[in-house]
file target.csv (CSV, N, CA and C atoms)
chain,number,residue,atom,x,y,z
A,258,ALA,N,13.4,5.9,-24.8
A,258,ALA,CA,13.9,5.4,-23.5
A,258,ALA,C,13.5,6.4,-22.4
A,259,VAL,N,13.6,7.7,-22.7
A,259,VAL,CA,13.2,8.7,-21.7
A,259,VAL,C,11.7,8.5,-21.3
A,260,GLN,N,10.9,8.1,-22.2
A,260,GLN,CA,9.4,7.9,-21.9
A,260,GLN,C,9.3,6.7,-21.0
A,261,VAL,N,10.1,5.7,-21.1
A,261,VAL,CA,10.0,4.6,-20.1
A,261,VAL,C,10.2,5.1,-18.7
A,262,ILE,N,11.2,5.9,-18.5
A,262,ILE,CA,11.4,6.5,-17.1
A,262,ILE,C,10.2,7.3,-16.7
A,263,ARG,N,9.7,8.1,-17.6
A,263,ARG,CA,8.5,8.9,-17.2
A,263,ARG,C,7.3,7.9,-16.9
A,264,ASP,N,7.1,6.9,-17.7
A,264,ASP,CA,6.1,5.9,-17.4
A,264,ASP,C,6.3,5.2,-16.1
A,265,TYR,N,7.5,4.9,-15.8
A,265,TYR,CA,7.9,4.1,-14.6
A,265,TYR,C,7.5,4.9,-13.4
A,266,TYR,N,7.8,6.2,-13.3
A,266,TYR,CA,7.5,7.0,-12.1
A,266,TYR,C,6.0,7.4,-12.1
A,267,ALA,N,5.4,7.5,-13.3
A,267,ALA,CA,3.9,7.7,-13.3
A,267,ALA,C,3.2,6.5,-12.7
A,268,ALA,N,3.6,5.3,-13.1
A,268,ALA,CA,3.0,4.1,-12.5
A,268,ALA,C,3.2,4.0,-11.0
A,269,ILE,N,4.4,4.3,-10.6
A,269,ILE,CA,4.7,4.3,-9.1
A,269,ILE,C,3.8,5.3,-8.4
A,270,ASN,N,3.7,6.5,-9.0
A,270,ASN,CA,2.8,7.6,-8.3
A,270,ASN,C,1.4,7.2,-8.3
A,271,LEU,N,0.9,6.4,-9.3
A,271,LEU,CA,-0.5,6.0,-9.4
A,271,LEU,C,-0.7,4.7,-8.6
A,272,ARG,N,0.4,4.2,-8.0
A,272,ARG,CA,0.4,2.9,-7.2
A,272,ARG,C,0.1,1.7,-8.1
A,273,HIS,N,0.5,1.8,-9.3
A,273,HIS,CA,0.4,0.7,-10.3
A,273,HIS,C,1.8,0.0,-10.3
A,274,HIS,N,2.1,-0.6,-9.2
A,274,HIS,CA,3.4,-1.1,-9.0
A,274,HIS,C,3.8,-2.3,-10.0
A,275,ALA,N,2.8,-3.1,-10.3
A,275,ALA,CA,3.0,-4.2,-11.2
A,275,ALA,C,3.4,-3.7,-12.6
A,276,ARG,N,2.8,-2.6,-13.0
A,276,ARG,CA,3.1,-1.9,-14.3
A,276,ARG,C,4.5,-1.4,-14.2
A,277,ALA,N,4.9,-0.7,-13.1
A,277,ALA,CA,6.2,-0.2,-13.0
A,277,ALA,C,7.3,-1.3,-13.0
A,278,TYR,N,7.0,-2.4,-12.3
A,278,TYR,CA,7.9,-3.5,-12.2
A,278,TYR,C,8.1,-4.1,-13.6
A,279,ALA,N,7.0,-4.2,-14.5
A,279,ALA,CA,7.1,-4.8,-15.8
A,279,ALA,C,8.0,-3.9,-16.7
A,280,LEU,N,8.3,-2.7,-16.4
A,280,LEU,CA,9.2,-1.9,-17.2
A,280,LEU,C,10.7,-2.2,-17.0
A,281,TRP,N,10.9,-3.1,-16.1
A,281,TRP,CA,12.3,-3.6,-15.9
A,281,TRP,C,12.5,-4.8,-16.9
A,282,ARG,N,13.7,-4.9,-17.4
A,282,ARG,CA,14.0,-6.0,-18.4
A,282,ARG,C,13.5,-7.4,-17.8
A,283,GLY,N,13.1,-8.2,-18.7
A,283,GLY,CA,12.7,-9.6,-18.3
A,283,GLY,C,11.4,-9.6,-17.5
A,284,GLN,N,10.5,-8.7,-17.8
A,284,GLN,CA,9.2,-8.6,-17.0
A,284,GLN,C,9.5,-8.4,-15.6
A,285,GLY,N,10.5,-7.6,-15.2
A,285,GLY,CA,10.8,-7.2,-13.9
A,285,GLY,C,12.0,-7.9,-13.3
A,286,GLN,N,12.5,-9.0,-13.8
A,286,GLN,CA,13.6,-9.7,-13.3
A,286,GLN,C,14.9,-8.9,-13.1
A,287,ALA,N,15.1,-7.9,-14.0
A,287,ALA,CA,16.3,-7.1,-13.9
A,287,ALA,C,16.3,-6.2,-12.7
A,288,SER,N,15.1,-6.0,-12.0
A,288,SER,CA,15.1,-5.2,-10.8
A,288,SER,C,15.8,-5.9,-9.7
A,289,GLY,N,16.0,-7.2,-9.8
A,289,GLY,CA,16.7,-8.0,-8.7
A,289,GLY,C,15.8,-8.4,-7.6
A,290,VAL,N,14.5,-8.1,-7.6
A,290,VAL,CA,13.6,-8.4,-6.6
A,290,VAL,C,12.3,-9.0,-7.2
A,291,SER,N,11.5,-9.7,-6.3
A,291,SER,CA,10.2,-10.2,-6.8
A,291,SER,C,9.2,-9.1,-6.9
A,292,VAL,N,8.1,-9.3,-7.6
A,292,VAL,CA,7.1,-8.2,-7.7
A,292,VAL,C,6.6,-7.9,-6.3
A,293,GLU,N,6.5,-8.9,-5.4
A,293,GLU,CA,6.0,-8.7,-4.1
A,293,GLU,C,7.0,-7.8,-3.3
A,294,GLN,N,8.2,-8.0,-3.4
A,294,GLN,CA,9.2,-7.2,-2.7
A,294,GLN,C,9.2,-5.8,-3.3
A,295,PHE,N,9.1,-5.7,-4.6
A,295,PHE,CA,9.0,-4.4,-5.3
A,295,PHE,C,7.9,-3.6,-4.7
A,296,VAL,N,6.7,-4.2,-4.6
A,296,VAL,CA,5.5,-3.5,-4.1
A,296,VAL,C,5.8,-3.1,-2.6
A,297,GLN,N,6.4,-4.0,-1.9
A,297,GLN,CA,6.7,-3.6,-0.5
A,297,GLN,C,7.7,-2.5,-0.4
A,298,ASP,N,8.7,-2.4,-1.3
A,298,ASP,CA,9.7,-1.4,-1.3
A,298,ASP,C,9.0,0.0,-1.4
A,299,PHE,N,7.9,0.1,-2.1
A,299,PHE,CA,7.2,1.4,-2.3
A,299,PHE,C,6.0,1.6,-1.4
A,300,ALA,N,5.8,0.7,-0.4
A,300,ALA,CA,4.6,0.7,0.5
A,300,ALA,C,4.5,2.0,1.3
A,301,ASN,N,5.7,2.6,1.6
A,301,ASN,CA,5.6,3.8,2.4
A,301,ASN,C,5.9,5.1,1.6
A,302,THR,N,5.9,4.9,0.3
A,302,THR,CA,6.1,6.1,-0.6
A,302,THR,C,4.8,6.7,-1.1
A,303,SER,N,4.7,8.0,-0.8
A,303,SER,CA,3.5,8.7,-1.2
A,303,SER,C,3.6,9.3,-2.6
A,304,GLY,N,4.8,9.5,-3.1
A,304,GLY,CA,5.0,10.0,-4.4
A,304,GLY,C,6.5,10.2,-4.7
A,305,VAL,N,6.8,10.3,-6.0
A,305,VAL,CA,8.2,10.6,-6.5
A,305,VAL,C,8.1,11.6,-7.5
A,306,SER,N,9.0,12.6,-7.4
A,306,SER,CA,9.2,13.6,-8.5
A,306,SER,C,10.5,13.2,-9.1
A,307,VAL,N,10.5,13.2,-10.5
A,307,VAL,CA,11.7,12.9,-11.2
A,307,VAL,C,12.1,14.0,-12.2
A,308,GLU,N,13.3,14.3,-12.2
A,308,GLU,CA,13.9,15.2,-13.2
A,308,GLU,C,14.8,14.4,-14.1
A,309,ILE,N,14.6,14.4,-15.4
A,309,ILE,CA,15.3,13.6,-16.3
A,309,ILE,C,16.3,14.5,-17.0
A,310,GLY,N,17.6,14.1,-17.0
A,310,GLY,CA,18.6,14.8,-17.6
A,310,GLY,C,18.8,14.4,-19.1
A,311,GLN,N,19.8,14.9,-19.7
A,311,GLN,CA,20.1,14.6,-21.2
A,311,GLN,C,20.6,13.2,-21.3
A,312,PRO,N,19.9,12.3,-22.0
A,312,PRO,CA,20.4,10.9,-22.2
A,312,PRO,C,21.8,10.9,-22.9
A,313,GLY,N,22.5,9.9,-22.6
A,313,GLY,CA,23.8,9.7,-23.3
A,313,GLY,C,23.5,9.2,-24.7
A,314,PRO,N,24.6,8.9,-25.4
A,314,PRO,CA,24.4,8.3,-26.7
A,314,PRO,C,24.0,6.9,-26.7
A,315,VAL,N,23.3,6.4,-27.7
A,315,VAL,CA,22.9,5.0,-27.7
A,315,VAL,C,24.2,4.2,-28.0
A,316,ASP,N,24.4,3.2,-27.2
A,316,ASP,CA,25.6,2.4,-27.3
A,316,ASP,C,25.2,1.1,-28.1
A,317,PRO,N,25.6,1.0,-29.4
A,317,PRO,CA,25.2,-0.2,-30.2
A,317,PRO,C,26.1,-1.4,-29.8
A,318,GLY,N,25.5,-2.5,-29.5
A,318,GLY,CA,26.2,-3.7,-29.3
A,318,GLY,C,25.7,-4.7,-30.3
A,319,ALA,N,26.2,-5.9,-30.2
A,319,ALA,CA,25.8,-7.0,-31.1
A,319,ALA,C,24.3,-7.4,-30.8
A,320,GLY,N,23.4,-6.8,-31.5
A,320,GLY,CA,22.0,-7.1,-31.4
A,320,GLY,C,21.3,-6.4,-30.2
A,321,GLN,N,22.0,-5.6,-29.5
A,321,GLN,CA,21.5,-4.9,-28.3
A,321,GLN,C,21.8,-3.4,-28.5
A,322,ARG,N,20.9,-2.6,-27.9
A,322,ARG,CA,21.2,-1.2,-27.7
A,322,ARG,C,21.1,-0.8,-26.3
A,323,HIS,N,22.0,0.1,-25.8
A,323,HIS,CA,21.9,0.5,-24.4
A,323,HIS,C,22.0,2.1,-24.4
A,324,ILE,N,21.3,2.7,-23.4
A,324,ILE,CA,21.4,4.1,-23.3
A,324,ILE,C,21.3,4.4,-21.8
A,325,GLU,N,22.1,5.4,-21.4
A,325,GLU,CA,22.1,5.8,-20.0
A,325,GLU,C,21.3,7.1,-19.9
A,326,VAL,N,20.3,7.1,-18.9
A,326,VAL,CA,19.4,8.3,-18.7
A,326,VAL,C,19.7,8.8,-17.3
A,327,PRO,N,20.2,10.0,-17.1
A,327,PRO,CA,20.5,10.5,-15.8
A,327,PRO,C,19.2,11.0,-15.2
A,328,VAL,N,19.0,10.9,-13.8
A,328,VAL,CA,17.8,11.3,-13.1
A,328,VAL,C,18.2,12.0,-11.8
A,329,SER,N,17.3,12.8,-11.3
A,329,SER,CA,17.3,13.4,-10.0
A,329,SER,C,15.9,13.1,-9.4
A,330,LEU,N,15.9,12.5,-8.2
A,330,LEU,CA,14.6,12.1,-7.6
A,330,LEU,C,14.4,12.8,-6.3
A,331,VAL,N,13.1,13.1,-6.0
A,331,VAL,CA,12.7,13.5,-4.7
A,331,VAL,C,11.6,12.5,-4.3
A,332,VAL,N,11.8,11.6,-3.3
A,332,VAL,CA,10.9,10.6,-2.9
A,332,VAL,C,10.2,11.1,-1.6
A,333,ARG,N,8.9,11.1,-1.6
A,333,ARG,CA,8.1,11.6,-0.5
A,333,ARG,C,7.6,10.3,0.2
A,334,SER,N,7.8,10.3,1.5
A,334,SER,CA,7.2,9.2,2.3
A,334,SER,C,5.8,9.5,2.8
A,335,ASN,N,5.1,8.5,3.3
A,335,ASN,CA,3.8,8.7,3.8
A,335,ASN,C,3.8,9.6,5.0
A,336,ASP,N,4.9,9.7,5.8
A,336,ASP,CA,5.0,10.5,6.9
A,336,ASP,C,5.4,12.0,6.6
A,337,GLY,N,5.5,12.3,5.3
A,337,GLY,CA,5.8,13.6,4.9
A,337,GLY,C,7.3,13.9,4.7
A,338,SER,N,8.2,13.0,5.1
A,338,SER,CA,9.6,13.3,4.9
A,338,SER,C,10.0,13.1,3.4
A,339,GLU,N,11.1,13.6,3.1
A,339,GLU,CA,11.6,13.5,1.7
A,339,GLU,C,13.0,13.0,1.7
A,340,GLN,N,13.4,12.3,0.6
A,340,GLN,CA,14.7,11.9,0.4
A,340,GLN,C,15.1,12.2,-1.1
A,341,ARG,N,16.3,12.6,-1.3
A,341,ARG,CA,16.7,13.0,-2.6
A,341,ARG,C,17.8,12.0,-3.1
A,342,TYR,N,17.7,11.7,-4.4
A,342,TYR,CA,18.6,10.7,-5.0
A,342,TYR,C,19.1,11.3,-6.4
A,343,ARG,N,20.3,10.9,-6.8
A,343,ARG,CA,20.8,11.2,-8.1
A,343,ARG,C,21.4,9.9,-8.7
A,344,GLY,N,21.4,9.9,-10.0
A,344,GLY,CA,22.1,8.7,-10.6
A,344,GLY,C,21.6,8.6,-12.0
A,345,ALA,N,21.5,7.3,-12.4
A,345,ALA,CA,21.2,7.1,-13.8
A,345,ALA,C,20.6,5.7,-14.0
A,346,TYR,N,19.7,5.6,-14.9
A,346,TYR,CA,19.2,4.3,-15.3
A,346,TYR,C,19.8,3.9,-16.7
A,347,THR,N,20.1,2.6,-16.8
A,347,THR,CA,20.6,2.1,-18.1
A,347,THR,C,19.4,1.3,-18.7
A,348,LEU,N,19.0,1.7,-19.9
A,348,LEU,CA,17.9,1.0,-20.6
A,348,LEU,C,18.5,0.2,-21.7
A,349,GLN,N,17.8,-0.9,-22.1
A,349,GLN,CA,18.3,-1.8,-23.1
A,349,GLN,C,17.1,-2.2,-24.0
A,350,ARG,N,17.5,-2.5,-25.2
A,350,ARG,CA,16.5,-3.1,-26.1
A,350,ARG,C,17.2,-4.0,-27.1
A,351,THR,N,16.5,-5.0,-27.6
A,351,THR,CA,17.1,-6.0,-28.5
A,351,THR,C,16.7,-5.6,-29.9
A,352,VAL,N,17.6,-5.7,-30.9
A,352,VAL,CA,17.3,-5.3,-32.3
A,352,VAL,C,17.6,-6.4,-33.3
A,353,VAL,N,17.4,-7.7,-32.9
A,353,VAL,CA,17.7,-8.8,-33.8
A,353,VAL,C,16.4,-9.4,-34.3
A,354,ASP,N,16.5,-10.0,-35.5
A,354,ASP,CA,15.3,-10.7,-36.1
A,354,ASP,C,14.9,-11.7,-35.1
A,355,GLY,N,13.6,-11.8,-34.9
A,355,GLY,CA,13.0,-12.9,-34.1
A,355,GLY,C,12.8,-12.4,-32.6
A,356,ALA,N,13.2,-11.2,-32.3
A,356,ALA,CA,13.0,-10.7,-31.0
A,356,ALA,C,11.5,-10.4,-30.8
A,357,SER,N,11.0,-10.6,-29.6
A,357,SER,CA,9.6,-10.3,-29.3
A,357,SER,C,9.4,-8.8,-29.2
A,358,ASP,N,8.2,-8.4,-29.2
A,358,ASP,CA,7.9,-6.9,-29.1
A,358,ASP,C,8.4,-6.4,-27.7
A,359,ASP,N,8.3,-7.2,-26.7
A,359,ASP,CA,8.8,-6.8,-25.4
A,359,ASP,C,10.3,-6.6,-25.4
A,360,GLN,N,11.0,-7.5,-26.1
A,360,GLN,CA,12.5,-7.4,-26.2
A,360,GLN,C,12.9,-6.2,-27.0
A,361,ARG,N,12.1,-5.9,-28.0
A,361,ARG,CA,12.4,-4.7,-28.9
A,361,ARG,C,12.2,-3.4,-28.2
A,362,ALA,N,11.4,-3.4,-27.2
A,362,ALA,CA,11.0,-2.1,-26.5
A,362,ALA,C,12.2,-1.8,-25.5
A,363,TRP,N,12.4,-0.5,-25.2
A,363,TRP,CA,13.3,-0.1,-24.2
A,363,TRP,C,12.8,-0.5,-22.9
A,364,ARG,N,13.6,-1.1,-22.1
A,364,ARG,CA,13.3,-1.6,-20.7
A,364,ARG,C,14.5,-1.2,-19.8
A,365,ILE,N,14.2,-1.1,-18.5
A,365,ILE,CA,15.2,-0.7,-17.6
A,365,ILE,C,16.1,-2.0,-17.3
A,366,ALA,N,17.4,-1.8,-17.5
A,366,ALA,CA,18.3,-2.9,-17.3
A,366,ALA,C,19.0,-2.8,-16.0
A,367,SER,N,19.2,-1.6,-15.5
A,367,SER,CA,19.9,-1.4,-14.2
A,367,SER,C,19.7,0.1,-13.8
A,368,ALA,N,19.9,0.3,-12.5
A,368,ALA,CA,19.9,1.6,-11.9
A,368,ALA,C,21.1,1.8,-11.0
A,369,GLN,N,21.6,3.0,-11.1
A,369,GLN,CA,22.7,3.4,-10.2
A,369,GLN,C,22.2,4.7,-9.5
A,370,LEU,N,21.6,4.6,-8.3
A,370,LEU,CA,21.1,5.8,-7.6
A,370,LEU,C,21.8,5.9,-6.3
A,371,SER,N,22.1,7.1,-5.8
A,371,SER,CA,22.6,7.3,-4.5
A,371,SER,C,22.0,8.5,-3.9
A,372,ALA,N,22.0,8.5,-2.6
A,372,ALA,CA,21.5,9.7,-1.8
A,372,ALA,C,22.2,10.9,-2.2
A,373,ALA,N,21.4,12.0,-2.4
A,373,ALA,CA,21.9,13.3,-2.8
A,373,ALA,C,21.7,14.3,-1.6
A,374,PRO,N,22.6,15.3,-1.5
A,374,PRO,CA,22.3,16.3,-0.4
A,374,PRO,C,21.1,17.1,-0.6
call {"tool": "encode", "arguments": {"input": "target.csv", "output": "structure tokens"}}
result
Amino acid sequence: AVQVIRDYYAAINLRHHARAYALWRGQGQASGVSVEQFVQDFANTSGVSVEIGQPGPVDPGAGQRHIEVPVSLVVRSNDGSEQRYRGAYTLQRTVVDGASDDQRAWRIASAQLSAAP
């Protein structure tokens, strides 16, 4: 699950936005925006530094697994300004017979990020 967060920000920093978008559950649908809007949201971002905290325990559900991964972010804009955020990503995977490889992989289900001082 932690590697998914690393891969997500590596893709963003390389401007491989479609790859980052696909790391959200449902081939990006869990992000709540279209791939075009996702790309636009990062249009003025020159880079993101991420610090990943200790993940919480895996929460077993009926056929699903969830884990919360805390993060601290520094987002650099094209104009050189920086914004800091803290929060967590919730990742999910499916563990039932018949699940596709994509469903079995950890994917971002949601994000709770807020501005940090």
call {"tool": "closest_residue", "arguments": {"input": "target.csv", "among": "A:Leu271, A:Gly285, A:Thr302, A:Ile262", "to": "Asp336 (chain A)", "atoms": "all atoms listed in the file"}}
result
A:Thr302
call {"tool": "residues_around", "arguments": {"input": "target.csv", "residues": "Ser334 (chain A)", "least_positions_apart": "3", "cutoff": "6.5 Å", "atoms": "all atoms listed in the file", "output": "PyMOL selection string"}}
result
chain A and resi 301-304+337-340
call {"tool": "write_last_selection", "arguments": {"input": "target.csv", "atoms": "N, CA and C atoms", "output": "CSV table (one decimal), keeping the file's coordinate frame"}}
result
chain,number,residue,atom,x,y,z
A,301,ASN,N,5.7,2.6,1.6
A,301,ASN,CA,5.6,3.8,2.4
A,301,ASN,C,5.9,5.1,1.6
A,302,THR,N,5.9,4.9,0.3
A,302,THR,CA,6.1,6.1,-0.6
A,302,THR,C,4.8,6.7,-1.1
A,303,SER,N,4.7,8.0,-0.8
A,303,SER,CA,3.5,8.7,-1.2
A,303,SER,C,3.6,9.3,-2.6
A,304,GLY,N,4.8,9.5,-3.1
A,304,GLY,CA,5.0,10.0,-4.4
A,304,GLY,C,6.5,10.2,-4.7
A,337,GLY,N,5.5,12.3,5.3
A,337,GLY,CA,5.8,13.6,4.9
A,337,GLY,C,7.3,13.9,4.7
A,338,SER,N,8.2,13.0,5.1
A,338,SER,CA,9.6,13.3,4.9
A,338,SER,C,10.0,13.1,3.4
A,339,GLU,N,11.1,13.6,3.1
A,339,GLU,CA,11.6,13.5,1.7
A,339,GLU,C,13.0,13.0,1.7
A,340,GLN,N,13.4,12.3,0.6
A,340,GLN,CA,14.7,11.9,0.4
A,340,GLN,C,15.1,12.2,-1.1
call {"tool": "closest_atom_pairs", "arguments": {"input": "target.csv", "of": "region 340-361 of chain A", "to": "region 276-284 of chain A", "cutoff": "8 Å", "atoms": "all atoms listed in the file", "output": "tab-separated table"}}
result
residue	atom	partner	partner_atom	distance
A:Leu348	CA	A:Arg282	N	7.9
A:Gln349	N	A:Arg282	CA	7.4
A:Asp359	C	A:Gly283	N	7.4
A:Gln360	CA	A:Gly283	N	7.6
call {"tool": "residues_around", "arguments": {"input": "target.csv", "residues": "Leu370 (chain A)", "least_positions_apart": "2", "cutoff": "6 Å", "atoms": "only N, CA and C atoms", "output": "PyMOL selection string"}}
result
chain A and resi 342-345+368+372
call {"tool": "write_last_selection", "arguments": {"input": "target.csv", "atoms": "N, CA and C atoms", "output": "PDB file, in the coordinates of the input"}}
result
ATOM      1  N   TYR A 342      17.700  11.700  -4.400  1.00  0.00           N
ATOM      2  CA  TYR A 342      18.600  10.700  -5.000  1.00  0.00           C
ATOM      3  C   TYR A 342      19.100  11.300  -6.400  1.00  0.00           C
ATOM      4  N   ARG A 343      20.300  10.900  -6.800  1.00  0.00           N
ATOM      5  CA  ARG A 343      20.800  11.200  -8.100  1.00  0.00           C
ATOM      6  C   ARG A 343      21.400   9.900  -8.700  1.00  0.00           C
ATOM      7  N   GLY A 344      21.400   9.900 -10.000  1.00  0.00           N
ATOM      8  CA  GLY A 344      22.100   8.700 -10.600  1.00  0.00           C
ATOM      9  C   GLY A 344      21.600   8.600 -12.000  1.00  0.00           C
ATOM     10  N   ALA A 345      21.500   7.300 -12.400  1.00  0.00           N
ATOM     11  CA  ALA A 345      21.200   7.100 -13.800  1.00  0.00           C
ATOM     12  C   ALA A 345      20.600   5.700 -14.000  1.00  0.00           C
ATOM     13  N   ALA A 368      19.900   0.300 -12.500  1.00  0.00           N
ATOM     14  CA  ALA A 368      19.900   1.600 -11.900  1.00  0.00           C
ATOM     15  C   ALA A 368      21.100   1.800 -11.000  1.00  0.00           C
ATOM     16  N   ALA A 372      22.000   8.500  -2.600  1.00  0.00           N
ATOM     17  CA  ALA A 372      21.500   9.700  -1.800  1.00  0.00           C
ATOM     18  C   ALA A 372      22.200  10.900  -2.200  1.00  0.00           C
TER      19      ALA A 372
END
call {"tool": "atom_distance", "arguments": {"input": "target.csv", "atom1": "atom N of Gly310 (chain A)", "atom2": "CA of Thr347 (chain A)"}}
result
12.4 Å
call {"tool": "residues_near_point", "arguments": {"input": "target.csv", "point": "(19.1, 9.4, -18.8)", "cutoff": "6 Å", "atoms": "all atoms listed in the file", "output": "list of chain:residue names"}}
result
A:Gly310, A:Gln311, A:Pro312, A:Gly313, A:Glu325, A:Val326, A:Pro327, A:Val328, A:Ala345, A:Tyr346
call {"tool": "atom_distance", "arguments": {"input": "target.csv", "atom1": "CA of Trp363 (chain A)", "atom2": "CA of Thr351 (chain A)"}}
result
8.2 Å
call {"tool": "select_by_dssp", "arguments": {"input": "target.csv", "residues": "chain A", "states": "alpha helix (DSSP H)", "output": "PDB file with N, CA and C atoms, keeping the file's coordinate frame"}}
result
ATOM      1  N   VAL A 259      13.600   7.700 -22.700  1.00  0.00           N
ATOM      2  CA  VAL A 259      13.200   8.700 -21.700  1.00  0.00           C
ATOM      3  C   VAL A 259      11.700   8.500 -21.300  1.00  0.00           C
ATOM      4  N   GLN A 260      10.900   8.100 -22.200  1.00  0.00           N
ATOM      5  CA  GLN A 260       9.400   7.900 -21.900  1.00  0.00           C
ATOM      6  C   GLN A 260       9.300   6.700 -21.000  1.00  0.00           C
ATOM      7  N   VAL A 261      10.100   5.700 -21.100  1.00  0.00           N
ATOM      8  CA  VAL A 261      10.000   4.600 -20.100  1.00  0.00           C
ATOM      9  C   VAL A 261      10.200   5.100 -18.700  1.00  0.00           C
ATOM     10  N   ILE A 262      11.200   5.900 -18.500  1.00  0.00           N
ATOM     11  CA  ILE A 262      11.400   6.500 -17.100  1.00  0.00           C
ATOM     12  C   ILE A 262      10.200   7.300 -16.700  1.00  0.00           C
ATOM     13  N   ARG A 263       9.700   8.100 -17.600  1.00  0.00           N
ATOM     14  CA  ARG A 263       8.500   8.900 -17.200  1.00  0.00           C
ATOM     15  C   ARG A 263       7.300   7.900 -16.900  1.00  0.00           C
ATOM     16  N   ASP A 264       7.100   6.900 -17.700  1.00  0.00           N
ATOM     17  CA  ASP A 264       6.100   5.900 -17.400  1.00  0.00           C
ATOM     18  C   ASP A 264       6.300   5.200 -16.100  1.00  0.00           C
ATOM     19  N   TYR A 265       7.500   4.900 -15.800  1.00  0.00           N
ATOM     20  CA  TYR A 265       7.900   4.100 -14.600  1.00  0.00           C
ATOM     21  C   TYR A 265       7.500   4.900 -13.400  1.00  0.00           C
ATOM     22  N   TYR A 266       7.800   6.200 -13.300  1.00  0.00           N
ATOM     23  CA  TYR A 266       7.500   7.000 -12.100  1.00  0.00           C
ATOM     24  C   TYR A 266       6.000   7.400 -12.100  1.00  0.00           C
ATOM     25  N   ALA A 267       5.400   7.500 -13.300  1.00  0.00           N
ATOM     26  CA  ALA A 267       3.900   7.700 -13.300  1.00  0.00           C
ATOM     27  C   ALA A 267       3.200   6.500 -12.700  1.00  0.00           C
ATOM     28  N   ALA A 268       3.600   5.300 -13.100  1.00  0.00           N
ATOM     29  CA  ALA A 268       3.000   4.100 -12.500  1.00  0.00           C
ATOM     30  C   ALA A 268       3.200   4.000 -11.000  1.00  0.00           C
ATOM     31  N   ILE A 269       4.400   4.300 -10.600  1.00  0.00           N
ATOM     32  CA  ILE A 269       4.700   4.300  -9.100  1.00  0.00           C
ATOM     33  C   ILE A 269       3.800   5.300  -8.400  1.00  0.00           C
ATOM     34  N   ASN A 270       3.700   6.500  -9.000  1.00  0.00           N
ATOM     35  CA  ASN A 270       2.800   7.600  -8.300  1.00  0.00           C
ATOM     36  C   ASN A 270       1.400   7.200  -8.300  1.00  0.00           C
ATOM     37  N   HIS A 274       2.100  -0.600  -9.200  1.00  0.00           N
ATOM     38  CA  HIS A 274       3.400  -1.100  -9.000  1.00  0.00           C
ATOM     39  C   HIS A 274       3.800  -2.300 -10.000  1.00  0.00           C
ATOM     40  N   ALA A 275       2.800  -3.100 -10.300  1.00  0.00           N
ATOM     41  CA  ALA A 275       3.000  -4.200 -11.200  1.00  0.00           C
ATOM     42  C   ALA A 275       3.400  -3.700 -12.600  1.00  0.00           C
ATOM     43  N   ARG A 276       2.800  -2.600 -13.000  1.00  0.00           N
ATOM     44  CA  ARG A 276       3.100  -1.900 -14.300  1.00  0.00           C
ATOM     45  C   ARG A 276       4.500  -1.400 -14.200  1.00  0.00           C
ATOM     46  N   ALA A 277       4.900  -0.700 -13.100  1.00  0.00           N
ATOM     47  CA  ALA A 277       6.200  -0.200 -13.000  1.00  0.00           C
ATOM     48  C   ALA A 277       7.300  -1.300 -13.000  1.00  0.00           C
ATOM     49  N   TYR A 278       7.000  -2.400 -12.300  1.00  0.00           N
ATOM     50  CA  TYR A 278       7.900  -3.500 -12.200  1.00  0.00           C
ATOM     51  C   TYR A 278       8.100  -4.100 -13.600  1.00  0.00           C
ATOM     52  N   ALA A 279       7.000  -4.200 -14.500  1.00  0.00           N
ATOM     53  CA  ALA A 279       7.100  -4.800 -15.800  1.00  0.00           C
ATOM     54  C   ALA A 279       8.000  -3.900 -16.700  1.00  0.00           C
ATOM     55  N   VAL A 292       8.100  -9.300  -7.600  1.00  0.00           N
ATOM     56  CA  VAL A 292       7.100  -8.200  -7.700  1.00  0.00           C
ATOM     57  C   VAL A 292       6.600  -7.900  -6.300  1.00  0.00           C
ATOM     58  N   GLU A 293       6.500  -8.900  -5.400  1.00  0.00           N
ATOM     59  CA  GLU A 293       6.000  -8.700  -4.100  1.00  0.00           C
ATOM     60  C   GLU A 293       7.000  -7.800  -3.300  1.00  0.00           C
ATOM     61  N   GLN A 294       8.200  -8.000  -3.400  1.00  0.00           N
ATOM     62  CA  GLN A 294       9.200  -7.200  -2.700  1.00  0.00           C
ATOM     63  C   GLN A 294       9.200  -5.800  -3.300  1.00  0.00           C
ATOM     64  N   PHE A 295       9.100  -5.700  -4.600  1.00  0.00           N
ATOM     65  CA  PHE A 295       9.000  -4.400  -5.300  1.00  0.00           C
ATOM     66  C   PHE A 295       7.900  -3.600  -4.700  1.00  0.00           C
ATOM     67  N   VAL A 296       6.700  -4.200  -4.600  1.00  0.00           N
ATOM     68  CA  VAL A 296       5.500  -3.500  -4.100  1.00  0.00           C
ATOM     69  C   VAL A 296       5.800  -3.100  -2.600  1.00  0.00           C
ATOM     70  N   GLN A 297       6.400  -4.000  -1.900  1.00  0.00           N
ATOM     71  CA  GLN A 297       6.700  -3.600  -0.500  1.00  0.00           C
ATOM     72  C   GLN A 297       7.700  -2.500  -0.400  1.00  0.00           C
ATOM     73  N   ASP A 298       8.700  -2.400  -1.300  1.00  0.00           N
ATOM     74  CA  ASP A 298       9.700  -1.400  -1.300  1.00  0.00           C
ATOM     75  C   ASP A 298       9.000   0.000  -1.400  1.00  0.00           C
ATOM     76  N   ASP A 358       8.200  -8.400 -29.200  1.00  0.00           N
ATOM     77  CA  ASP A 358       7.900  -6.900 -29.100  1.00  0.00           C
ATOM     78  C   ASP A 358       8.400  -6.400 -27.700  1.00  0.00           C
ATOM     79  N   ASP A 359       8.300  -7.200 -26.700  1.00  0.00           N
ATOM     80  CA  ASP A 359       8.800  -6.800 -25.400  1.00  0.00           C
ATOM     81  C   ASP A 359      10.300  -6.600 -25.400  1.00  0.00           C
ATOM     82  N   GLN A 360      11.000  -7.500 -26.100  1.00  0.00           N
ATOM     83  CA  GLN A 360      12.500  -7.400 -26.200  1.00  0.00           C
ATOM     84  C   GLN A 360      12.900  -6.200 -27.000  1.00  0.00           C
ATOM     85  N   ARG A 361      12.100  -5.900 -28.000  1.00  0.00           N
ATOM     86  CA  ARG A 361      12.400  -4.700 -28.900  1.00  0.00           C
ATOM     87  C   ARG A 361      12.200  -3.400 -28.200  1.00  0.00           C
TER      88      ARG A 361
END
